[in-house]
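Here is my_file-v2.txt, consisting of compact mmCIF, C-alpha atoms and all ligand atoms:
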```txt
# COMPACT_ATOMS: atom_id res chain seq x y z
CA MET A 1 -76.66 -152.23 -80.64
CA ASN A 2 -75.19 -148.90 -79.63
CA LEU A 3 -76.83 -145.90 -81.25
CA THR A 4 -76.57 -142.14 -81.48
CA LEU A 5 -79.92 -140.38 -81.40
CA LYS A 6 -80.44 -136.85 -82.65
CA ILE A 7 -83.76 -135.80 -81.16
CA TRP A 8 -85.85 -132.64 -81.50
CA ARG A 9 -86.26 -131.09 -78.03
CA GLN A 10 -88.74 -128.27 -77.54
CA LYS A 11 -89.91 -127.16 -74.11
CA ASP A 12 -93.37 -126.01 -75.19
CA ALA A 13 -95.32 -124.64 -78.13
CA SER A 14 -93.86 -121.13 -77.79
CA SER A 15 -90.20 -122.12 -77.24
CA LYS A 16 -87.61 -122.51 -79.96
CA GLY A 17 -86.59 -126.13 -80.41
CA GLN A 18 -83.27 -127.74 -81.27
CA MET A 19 -81.74 -131.12 -82.08
CA VAL A 20 -79.97 -132.73 -79.11
CA ASP A 21 -77.62 -135.75 -79.28
CA TYR A 22 -77.99 -138.78 -77.01
CA THR A 23 -76.45 -142.23 -76.95
CA VAL A 24 -78.18 -145.48 -76.03
CA THR A 25 -76.37 -148.76 -75.52
CA ASP A 26 -77.26 -152.48 -75.53
CA ILE A 27 -80.42 -152.01 -77.61
CA SER A 28 -81.87 -155.35 -78.70
CA GLU A 29 -82.85 -155.76 -82.35
CA HIS A 30 -86.11 -157.28 -81.08
CA MET A 31 -87.18 -154.07 -79.34
CA SER A 32 -89.75 -151.82 -80.90
CA PHE A 33 -88.71 -148.24 -81.64
CA LEU A 34 -90.82 -146.99 -78.73
CA GLU A 35 -89.18 -149.50 -76.39
CA MET A 36 -85.82 -148.06 -77.45
CA MET A 37 -87.21 -144.59 -76.62
CA ASP A 38 -88.31 -145.97 -73.22
CA VAL A 39 -84.71 -147.06 -72.57
CA LEU A 40 -83.50 -143.56 -73.41
CA ASN A 41 -86.10 -141.96 -71.14
CA GLU A 42 -85.24 -144.27 -68.24
CA GLN A 43 -81.62 -143.23 -68.71
CA LEU A 44 -82.60 -139.53 -68.73
CA VAL A 45 -84.80 -139.85 -65.65
CA ASN A 46 -82.01 -141.69 -63.77
CA SER A 47 -79.60 -138.89 -64.54
CA GLY A 48 -82.09 -136.21 -63.46
CA GLU A 49 -82.84 -134.97 -66.97
CA GLU A 50 -86.22 -134.29 -68.54
CA PRO A 51 -87.44 -137.36 -70.52
CA VAL A 52 -88.32 -136.93 -74.20
CA ALA A 53 -92.07 -136.38 -74.63
CA PHE A 54 -93.64 -138.54 -77.34
CA ASP A 55 -97.19 -139.67 -78.04
CA HIS A 56 -98.23 -143.31 -77.79
CA ASP A 57 -101.19 -145.34 -76.62
CA CYS A 58 -101.99 -148.77 -78.09
CA ARG A 59 -98.45 -149.67 -79.22
CA GLU A 60 -99.95 -152.06 -81.75
CA GLY A 61 -100.69 -149.92 -84.79
CA ILE A 62 -104.30 -149.07 -83.97
CA CYS A 63 -104.54 -145.65 -82.33
CA GLY A 64 -102.34 -143.58 -84.65
CA MET A 65 -100.72 -141.66 -81.79
CA CYS A 66 -97.04 -142.47 -82.29
CA SER A 67 -96.23 -139.71 -84.74
CA MET A 68 -92.46 -139.53 -85.27
CA TYR A 69 -90.36 -138.55 -88.26
CA ILE A 70 -87.44 -140.96 -88.24
CA ASN A 71 -84.44 -140.48 -90.53
CA GLY A 72 -86.58 -138.26 -92.75
CA GLU A 73 -89.55 -140.63 -93.04
CA ALA A 74 -92.89 -140.63 -91.27
CA HIS A 75 -92.90 -143.73 -89.00
CA GLY A 76 -89.35 -144.56 -90.09
CA PRO A 77 -87.76 -146.76 -92.75
CA ASP A 78 -90.16 -149.75 -92.75
CA ARG A 79 -93.34 -149.87 -94.89
CA GLY A 80 -96.91 -150.48 -93.71
CA VAL A 81 -96.09 -149.94 -90.03
CA THR A 82 -96.48 -147.26 -87.40
CA THR A 83 -93.57 -146.16 -85.19
CA CYS A 84 -94.73 -148.50 -82.41
CA GLN A 85 -94.56 -151.43 -84.86
CA LEU A 86 -91.12 -150.44 -86.18
CA HIS A 87 -88.45 -152.82 -84.94
CA MET A 88 -84.87 -151.98 -84.10
CA ARG A 89 -83.70 -154.69 -86.50
CA MET A 90 -84.28 -152.07 -89.21
CA PHE A 91 -81.15 -150.30 -87.88
CA LYS A 92 -77.49 -151.29 -87.48
CA ASP A 93 -75.07 -151.07 -84.60
CA GLY A 94 -73.37 -147.66 -84.68
CA ASP A 95 -76.19 -145.95 -86.60
CA THR A 96 -77.15 -142.33 -86.01
CA ILE A 97 -80.94 -141.93 -85.98
CA THR A 98 -82.64 -138.56 -86.44
CA ILE A 99 -86.00 -138.24 -84.67
CA GLU A 100 -88.30 -135.27 -85.22
CA PRO A 101 -91.98 -134.50 -84.70
CA PHE A 102 -94.41 -134.58 -87.63
CA ARG A 103 -94.01 -131.15 -89.19
CA ALA A 104 -96.98 -129.24 -90.65
CA ALA A 105 -98.46 -125.83 -89.89
CA ALA A 106 -101.76 -127.53 -88.98
CA PHE A 107 -99.94 -129.85 -86.52
CA PRO A 108 -98.15 -127.44 -84.14
CA VAL A 109 -95.54 -128.93 -81.82
CA ILE A 110 -96.73 -129.06 -78.20
CA LYS A 111 -93.53 -130.47 -76.68
CA ASP A 112 -90.54 -132.39 -78.07
CA LEU A 113 -92.05 -135.00 -80.43
CA VAL A 114 -95.69 -134.39 -79.49
CA VAL A 115 -97.82 -132.49 -82.00
CA ASP A 116 -101.38 -131.23 -81.73
CA ARG A 117 -103.49 -133.23 -84.22
CA MET A 118 -106.84 -131.80 -83.11
CA ALA A 119 -107.27 -130.44 -86.65
CA PHE A 120 -108.10 -134.03 -87.68
CA GLU A 121 -110.70 -134.27 -84.90
CA ARG A 122 -112.34 -131.05 -86.07
CA ILE A 123 -112.51 -132.39 -89.64
CA GLN A 124 -114.15 -135.57 -88.33
CA GLN A 125 -116.62 -133.54 -86.28
CA ALA A 126 -117.55 -131.60 -89.43
CA GLY A 127 -118.99 -134.71 -91.09
CA GLY A 128 -117.17 -137.98 -90.37
CA TYR A 129 -120.23 -139.78 -89.03
CA ILE A 130 -123.71 -140.99 -89.92
CA SER A 131 -126.85 -140.10 -87.98
CA VAL A 132 -128.56 -143.25 -86.75
CA ASN A 133 -131.71 -143.66 -84.68
CA THR A 134 -130.43 -145.46 -81.60
CA SER A 135 -133.78 -145.62 -79.81
CA GLY A 136 -134.08 -149.36 -80.39
CA ASN A 137 -135.57 -149.09 -83.89
CA THR A 138 -132.24 -149.20 -85.70
CA GLN A 139 -132.36 -151.23 -88.88
CA ASP A 140 -130.18 -154.34 -88.73
CA ALA A 141 -127.15 -153.64 -90.92
CA ASN A 142 -127.32 -157.19 -92.29
CA SER A 143 -130.73 -156.45 -93.80
CA ILE A 144 -129.22 -153.85 -96.18
CA PRO A 145 -127.60 -155.53 -99.21
CA ILE A 146 -124.10 -154.24 -100.00
CA SER A 147 -121.93 -155.60 -102.79
CA LYS A 148 -118.77 -157.40 -101.71
CA HIS A 149 -116.65 -154.98 -103.74
CA ALA A 150 -118.17 -151.88 -102.06
CA ALA A 151 -117.93 -153.48 -98.62
CA ASP A 152 -114.25 -154.33 -99.16
CA GLU A 153 -113.40 -150.85 -100.43
CA ALA A 154 -115.28 -149.18 -97.56
CA MET A 155 -113.46 -151.43 -95.09
CA ASP A 156 -110.10 -150.57 -96.66
CA ALA A 157 -110.87 -146.84 -96.35
CA ALA A 158 -112.00 -147.31 -92.75
CA THR A 159 -108.60 -148.71 -91.75
CA CYS A 160 -107.21 -145.14 -91.67
CA ILE A 161 -106.09 -144.57 -88.09
CA GLY A 162 -105.73 -140.79 -88.34
CA CYS A 163 -102.01 -140.90 -87.63
CA GLY A 164 -101.14 -137.91 -89.83
CA ALA A 165 -98.19 -139.54 -91.61
CA CYS A 166 -99.74 -138.53 -94.94
CA VAL A 167 -99.68 -134.86 -93.90
CA ALA A 168 -96.15 -135.05 -92.48
CA THR A 169 -94.87 -136.71 -95.66
CA CYS A 170 -96.58 -134.42 -98.15
CA LYS A 171 -94.53 -131.48 -99.41
CA ASN A 172 -97.77 -129.44 -99.30
CA SER A 173 -98.86 -130.78 -95.87
CA SER A 174 -102.04 -131.96 -97.54
CA ALA A 175 -104.61 -133.91 -95.53
CA MET A 176 -106.42 -135.20 -98.60
CA LEU A 177 -105.53 -138.88 -98.09
CA PHE A 178 -106.97 -138.77 -94.57
CA VAL A 179 -110.10 -136.84 -95.58
CA GLY A 180 -110.47 -138.96 -98.73
CA ALA A 181 -110.47 -142.11 -96.60
CA LYS A 182 -112.98 -140.70 -94.12
CA VAL A 183 -115.33 -139.51 -96.89
CA SER A 184 -114.96 -142.78 -98.82
CA GLN A 185 -115.80 -145.13 -95.98
CA TYR A 186 -119.33 -143.65 -95.98
CA ALA A 187 -119.66 -142.73 -99.65
CA LEU A 188 -119.32 -146.41 -100.57
CA LEU A 189 -122.12 -147.59 -98.29
CA PRO A 190 -125.91 -147.06 -98.45
CA GLN A 191 -125.90 -145.81 -94.86
CA GLY A 192 -123.66 -142.91 -95.89
CA GLN A 193 -125.84 -141.60 -98.71
CA VAL A 194 -128.34 -139.47 -96.76
CA GLU A 195 -125.71 -137.03 -95.48
CA ALA A 196 -123.22 -137.53 -98.34
CA SER A 197 -123.36 -134.00 -99.78
CA ASP A 198 -123.16 -132.15 -96.47
CA ARG A 199 -120.43 -134.50 -95.28
CA VAL A 200 -117.99 -133.89 -98.11
CA LEU A 201 -118.70 -130.15 -98.32
CA ASN A 202 -118.25 -129.65 -94.57
CA MET A 203 -115.20 -131.90 -94.18
CA VAL A 204 -113.36 -130.31 -97.12
CA ALA A 205 -114.27 -126.81 -95.89
CA GLN A 206 -112.89 -127.66 -92.43
CA MET A 207 -109.76 -129.18 -93.97
CA ASP A 208 -109.11 -125.91 -95.84
CA LEU A 209 -109.87 -123.85 -92.74
CA GLU A 210 -107.27 -125.80 -90.74
CA GLY A 211 -104.53 -124.72 -93.14
CA PHE A 212 -103.68 -128.05 -94.80
CA GLY A 213 -102.22 -127.72 -98.29
CA ASN A 214 -103.61 -129.00 -101.55
CA CYS A 215 -102.84 -132.28 -103.31
CA THR A 216 -100.46 -132.13 -106.27
CA ASN A 217 -100.59 -135.88 -107.03
CA THR A 218 -97.06 -136.70 -105.84
CA GLY A 219 -98.27 -139.84 -104.08
CA ALA A 220 -95.81 -139.73 -101.15
CA CYS A 221 -98.75 -140.02 -98.73
CA GLU A 222 -99.79 -143.39 -100.15
CA ILE A 223 -96.24 -144.74 -99.85
CA GLU A 224 -95.79 -143.64 -96.22
CA CYS A 225 -99.32 -144.48 -95.03
CA PRO A 226 -99.00 -147.31 -92.48
CA LYS A 227 -102.43 -148.65 -93.48
CA GLY A 228 -101.95 -148.64 -97.25
CA ILE A 229 -104.73 -146.12 -97.89
CA SER A 230 -104.95 -145.72 -101.66
CA LEU A 231 -104.91 -142.49 -103.68
CA GLU A 232 -108.20 -143.72 -105.17
CA ASN A 233 -109.81 -142.36 -102.01
CA ILE A 234 -108.69 -138.83 -102.94
CA ALA A 235 -110.17 -139.26 -106.42
CA ARG A 236 -113.43 -140.51 -104.86
CA MET A 237 -113.52 -137.53 -102.47
CA ASN A 238 -113.03 -135.15 -105.41
CA ARG A 239 -115.89 -136.83 -107.30
CA GLU A 240 -118.13 -136.59 -104.22
CA LEU A 241 -117.19 -132.93 -103.83
CA MET A 242 -117.97 -132.21 -107.47
CA LYS A 243 -121.37 -133.92 -107.21
CA ALA A 244 -122.22 -132.10 -103.98
CA SER A 245 -121.11 -128.71 -105.35
CA TYR A 246 -123.48 -128.93 -108.33
CA LYS A 247 -126.54 -129.94 -106.31
S1 LIG B 301 -104.45 -141.92 -94.57
FE1 LIG B 301 -102.83 -143.25 -93.73
S2 LIG B 301 -101.18 -141.85 -93.18
FE2 LIG B 301 -103.04 -140.62 -93.40
S3 LIG B 301 -103.93 -140.49 -91.37
FE3 LIG B 301 -104.89 -142.26 -92.39
S4 LIG B 301 -103.62 -144.00 -91.78
FE4 LIG B 301 -102.40 -142.18 -91.31
S1 LIG B 302 -99.05 -146.25 -80.31
FE1 LIG B 302 -100.99 -146.67 -81.28
S2 LIG B 302 -100.51 -146.78 -83.38
FE2 LIG B 302 -98.58 -146.54 -82.41
```
Let me see the structure of the file written as structure tokens.
Ligand code: SF4
Ligand code: FES
Amino acid sequence: MNLTLKIWRQKDASSKGQMVDYTVTDISEHMSFLEMMDVLNEQLVNSGEEPVAFDHDCREGICGMCSMYINGEAHGPDRGVTTCQLHMRMFKDGDTITIEPFRAAAFPVIKDLVVDRMAFERIQQAGGYISVNTSGNTQDANSIPISKHAADEAMDAATCIGCGACVATCKNSSAMLFVGAKVSQYALLPQGQVEASDRVLNMVAQMDLEGFGNCTNTGACEIECPKGISLENIARMNRELMKASYK
């Protein structure tokens, strides 16, 4: 496949960015999107140009680093996949592909397609954990009965990889799907109950402090989430917040 790429180039956080056109040739339909970007970067390096900066780590849908907005969709046109899992067979020979960073005030662009997602880390630090005695007296998790339904729902919530596609997709740049998942994975389990009130109050307060928008129930986040995180997690977070606020 031969493709035209329109890519957002931005030298650093304080520079003004712009879309720049590139062409890549002989792209195999079996390549991943990031492999196609590697081909472009090799081409740029060989011609003495600055390669396009983009985030990536695991390249198998686990780390959530590969944040790209492709043809107007977070992680591109496929469903249930991250950019690193997106295959070039989703495109046709001669296509023009637009590639931008995830855009949200709380995710400032650092360079080209790389955004600063530390806001998510700060929300996690505010309460996305449980305190466990690790001195050797930790209770065996298997000795605490948990219903299959609760275990399954907690596991589903815990599959959130913190990629930020929900924020990038949302017209309000809301982080409620992410925070809802992180609150839910503990709220559903007995181990999460002790710190439940502080957790939800602190995580939601940090989310607001970071400048994420509110949820207006559009549901775009759920559609674009590569891990299929359900809107039910936002409803659960709101219930947890209500309970904690009245305590
Ligand atoms: S909820 Fe989905 S889209 Fe949002 S950060 Fe988690 S995995 Fe990514
Ligand atoms: S590079 Fe890790 S999820 Fe894409």
Within 12 Å of A:Cys58 using all atoms listed in the file, minus same-chain residues under 4 positions, as a PDB file with C-alpha atoms, in the coordinates of the input:
```pdb
ATOM      1  CA  LEU A  34     -90.820-146.990 -78.730  1.00  0.00           C
ATOM      2  CA  ILE A  62    -104.300-149.070 -83.970  1.00  0.00           C
ATOM      3  CA  CYS A  63    -104.540-145.650 -82.330  1.00  0.00           C
ATOM      4  CA  GLY A  64    -102.340-143.580 -84.650  1.00  0.00           C
ATOM      5  CA  MET A  65    -100.720-141.660 -81.790  1.00  0.00           C
ATOM      6  CA  CYS A  66     -97.040-142.470 -82.290  1.00  0.00           C
ATOM      7  CA  THR A  82     -96.480-147.260 -87.400  1.00  0.00           C
ATOM      8  CA  THR A  83     -93.570-146.160 -85.190  1.00  0.00           C
ATOM      9  CA  CYS A  84     -94.730-148.500 -82.410  1.00  0.00           C
ATOM     10  CA  GLN A  85     -94.560-151.430 -84.860  1.00  0.00           C
ATOM     11  CA  ILE A 161    -106.090-144.570 -88.090  1.00  0.00           C
TER      12      ILE A 161
END
```
With 4 Å of padding per side, what axis-aligned box (centre and edge lengths, Å, one decimal) covers all the listed atoms of ligand LIG 302 (chain B)? Give it as AutoDock Vina command-line options.
```
--center_x -99.8 --center_y -146.5 --center_z -81.8 --size_x 10.4 --size_y 8.5 --size_z 11.1
```
Pick out the closest residue to ligand LIG 301 (chain B) from this set: A:Ala126, A:Val115, A:Val132, A:Val81. Count only C-alpha atoms and all ligand atoms.
A:Val81
Nearest candidate to A:Pro101 (options A:Ile27, A:Met237, A:Met68, A:Cys215; using all atoms listed in the file):
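Nearest to A:Pro101: A:Met68.
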Choose the residue, out of A:Met1, A:Ala196, A:Leu113, A:Leu201, that has the smallest atom-to-atom separation from A:Gly94; count all atoms listed in the file.
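Answer, going by the shortest atom-to-atom distance: A:Met1.
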Separation of atom CA of A:Glu232 from atom CA of A:Met203, in Å and rounded to one decimal
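Spanning atom CA of A:Glu232 to atom CA of A:Met203 is a straight-line distance of 17.6 Å.
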Taking only C-alpha atoms and all ligand atoms and a cut-off of 10 Å, can you tell me which residues surround ligand LIG 301 (chain B), written as a ChimeraX atom specification?
/A:61-65,67,74-75,80-82,120,157-169,174-182,220-231,233-234
Of the residues A:His30, A:Leu40, A:Gln10, A:Asp57, which is the one nearest to ligand LIG 302 (chain B), using all atoms listed in the file?
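Distance minimum relative to ligand LIG 302 (chain B) lands on A:Asp57.
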Closest of A:Tyr186, A:Phe33, A:Tyr129, A:Trp8 to A:Thr98 - atom-to-atom distances counting all atoms listed in the file
A:Trp8
What gap, in Å, lies between atom CA of A:Val24 and atom CA of A:Phe54?
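Computing it gives 17.0 Å between the two atoms.
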From the list A:Phe102, A:Lys111, A:Asp93, A:Glu49, which residue is nearest A:Ser14 when using only C-alpha atoms?
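Nearest to A:Ser14: A:Lys111.
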Protein and nucleic acid residues near (-79.9, -143.1, -81.2) (cut-off 6 Å, all atoms listed in the file) as a PDB file with C-alpha atoms, keeping the file's coordinate frame:
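Listing of result.pdb after writing:
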```
ATOM      1  CA  LEU A   3     -76.830-145.900 -81.250  1.00  0.00           C
ATOM      2  CA  THR A   4     -76.570-142.140 -81.480  1.00  0.00           C
ATOM      3  CA  LEU A   5     -79.920-140.380 -81.400  1.00  0.00           C
ATOM      4  CA  THR A  23     -76.450-142.230 -76.950  1.00  0.00           C
ATOM      5  CA  VAL A  24     -78.180-145.480 -76.030  1.00  0.00           C
ATOM      6  CA  THR A  96     -77.150-142.330 -86.010  1.00  0.00           C
ATOM      7  CA  ILE A  97     -80.940-141.930 -85.980  1.00  0.00           C
TER       8      ILE A  97
END
```
Quick one, how far is atom CA of A:Gly211 from atom CA of A:Tyr69?
20.4 Å
Write out as an MDAnalysis selection string which residues come within 10 Å of A:Met31 when counting all atoms listed in the file, dropping same-chain ones fewer than 6 positions away.
chainID A and resid 37 84:89
Since the input has fewer atoms than a full residue there, write stretch 51-76 of chain A out with N, CA, C and O atoms, as a short mmCIF file (atom, residue, chain, number, x, y, z; two decimals), in the coordinates of the input.
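Okay, this is what ended up in part03.cif:
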```
data_model
loop_
_atom_site.label_atom_id
_atom_site.label_comp_id
_atom_site.auth_asym_id
_atom_site.auth_seq_id
_atom_site.Cartn_x
_atom_site.Cartn_y
_atom_site.Cartn_z
N PRO A 51 -87.27 -136.36 -69.45
CA PRO A 51 -87.44 -137.36 -70.52
C PRO A 51 -88.00 -136.74 -71.79
O PRO A 51 -88.60 -135.66 -71.76
N VAL A 52 -87.81 -137.43 -72.91
CA VAL A 52 -88.32 -136.93 -74.20
C VAL A 52 -89.82 -137.23 -74.27
O VAL A 52 -90.25 -138.38 -74.12
N ALA A 53 -90.62 -136.17 -74.51
CA ALA A 53 -92.07 -136.38 -74.63
C ALA A 53 -92.41 -136.91 -76.02
O ALA A 53 -91.95 -136.37 -77.02
N PHE A 54 -93.13 -138.03 -76.05
CA PHE A 54 -93.64 -138.54 -77.34
C PHE A 54 -95.00 -139.18 -77.09
O PHE A 54 -95.29 -139.67 -76.01
N ASP A 55 -95.83 -139.13 -78.13
CA ASP A 55 -97.19 -139.67 -78.04
C ASP A 55 -97.21 -141.16 -78.27
O ASP A 55 -96.50 -141.67 -79.14
N HIS A 56 -98.03 -141.88 -77.55
CA HIS A 56 -98.23 -143.31 -77.79
C HIS A 56 -99.43 -143.74 -76.97
O HIS A 56 -99.79 -143.10 -75.99
N ASP A 57 -100.07 -144.81 -77.39
CA ASP A 57 -101.19 -145.34 -76.62
C ASP A 57 -101.24 -146.85 -76.79
O ASP A 57 -100.77 -147.60 -75.95
N CYS A 58 -101.77 -147.32 -77.94
CA CYS A 58 -101.99 -148.77 -78.09
C CYS A 58 -100.70 -149.57 -78.25
O CYS A 58 -100.61 -150.71 -77.82
N ARG A 59 -99.72 -149.00 -78.87
CA ARG A 59 -98.45 -149.67 -79.22
C ARG A 59 -98.68 -150.93 -80.06
O ARG A 59 -97.92 -151.89 -79.97
N GLU A 60 -99.74 -150.94 -80.83
CA GLU A 60 -99.95 -152.06 -81.75
C GLU A 60 -100.57 -151.61 -83.08
O GLU A 60 -101.31 -152.35 -83.72
N GLY A 61 -100.29 -150.37 -83.46
CA GLY A 61 -100.69 -149.92 -84.79
C GLY A 61 -102.16 -149.59 -84.96
O GLY A 61 -102.66 -149.58 -86.09
N ILE A 62 -102.85 -149.30 -83.88
CA ILE A 62 -104.30 -149.07 -83.97
C ILE A 62 -104.68 -147.60 -83.73
O ILE A 62 -105.54 -147.06 -84.41
N CYS A 63 -104.04 -146.96 -82.77
CA CYS A 63 -104.54 -145.65 -82.33
C CYS A 63 -104.02 -144.48 -83.16
O CYS A 63 -104.63 -143.42 -83.20
N GLY A 64 -102.89 -144.65 -83.81
CA GLY A 64 -102.34 -143.58 -84.65
C GLY A 64 -101.64 -142.47 -83.88
O GLY A 64 -101.38 -141.40 -84.42
N MET A 65 -101.32 -142.71 -82.62
CA MET A 65 -100.72 -141.66 -81.79
C MET A 65 -99.22 -141.44 -82.02
O MET A 65 -98.73 -140.34 -81.82
N CYS A 66 -98.50 -142.50 -82.37
CA CYS A 66 -97.04 -142.47 -82.29
C CYS A 66 -96.38 -141.76 -83.47
O CYS A 66 -95.60 -142.35 -84.21
N SER A 67 -96.70 -140.49 -83.60
CA SER A 67 -96.23 -139.71 -84.74
C SER A 67 -94.78 -139.29 -84.58
O SER A 67 -94.48 -138.41 -83.78
N MET A 68 -93.88 -139.92 -85.29
CA MET A 68 -92.46 -139.53 -85.27
C MET A 68 -91.92 -139.55 -86.69
O MET A 68 -92.30 -140.40 -87.50
N TYR A 69 -91.03 -138.62 -86.96
CA TYR A 69 -90.36 -138.55 -88.26
C TYR A 69 -88.96 -139.08 -88.04
O TYR A 69 -88.14 -138.44 -87.37
N ILE A 70 -88.68 -140.26 -88.56
CA ILE A 70 -87.44 -140.96 -88.24
C ILE A 70 -86.55 -141.06 -89.48
O ILE A 70 -86.99 -141.63 -90.50
N ASN A 71 -85.36 -140.52 -89.38
CA ASN A 71 -84.44 -140.48 -90.53
C ASN A 71 -85.15 -139.96 -91.79
O ASN A 71 -85.01 -140.54 -92.88
N GLY A 72 -85.93 -138.91 -91.61
CA GLY A 72 -86.58 -138.26 -92.75
C GLY A 72 -87.80 -138.96 -93.30
O GLY A 72 -88.25 -138.64 -94.40
N GLU A 73 -88.34 -139.94 -92.56
CA GLU A 73 -89.55 -140.63 -93.04
C GLU A 73 -90.57 -140.74 -91.91
O GLU A 73 -90.21 -141.05 -90.77
N ALA A 74 -91.83 -140.49 -92.26
CA ALA A 74 -92.89 -140.63 -91.27
C ALA A 74 -92.97 -142.10 -90.85
O ALA A 74 -93.06 -142.98 -91.71
N HIS A 75 -92.90 -142.37 -89.57
CA HIS A 75 -92.90 -143.73 -89.00
C HIS A 75 -91.65 -144.54 -89.37
O HIS A 75 -91.65 -145.76 -89.23
N GLY A 76 -90.62 -143.87 -89.90
CA GLY A 76 -89.35 -144.56 -90.09
C GLY A 76 -89.22 -145.35 -91.38
O GLY A 76 -90.06 -145.25 -92.28
#
```
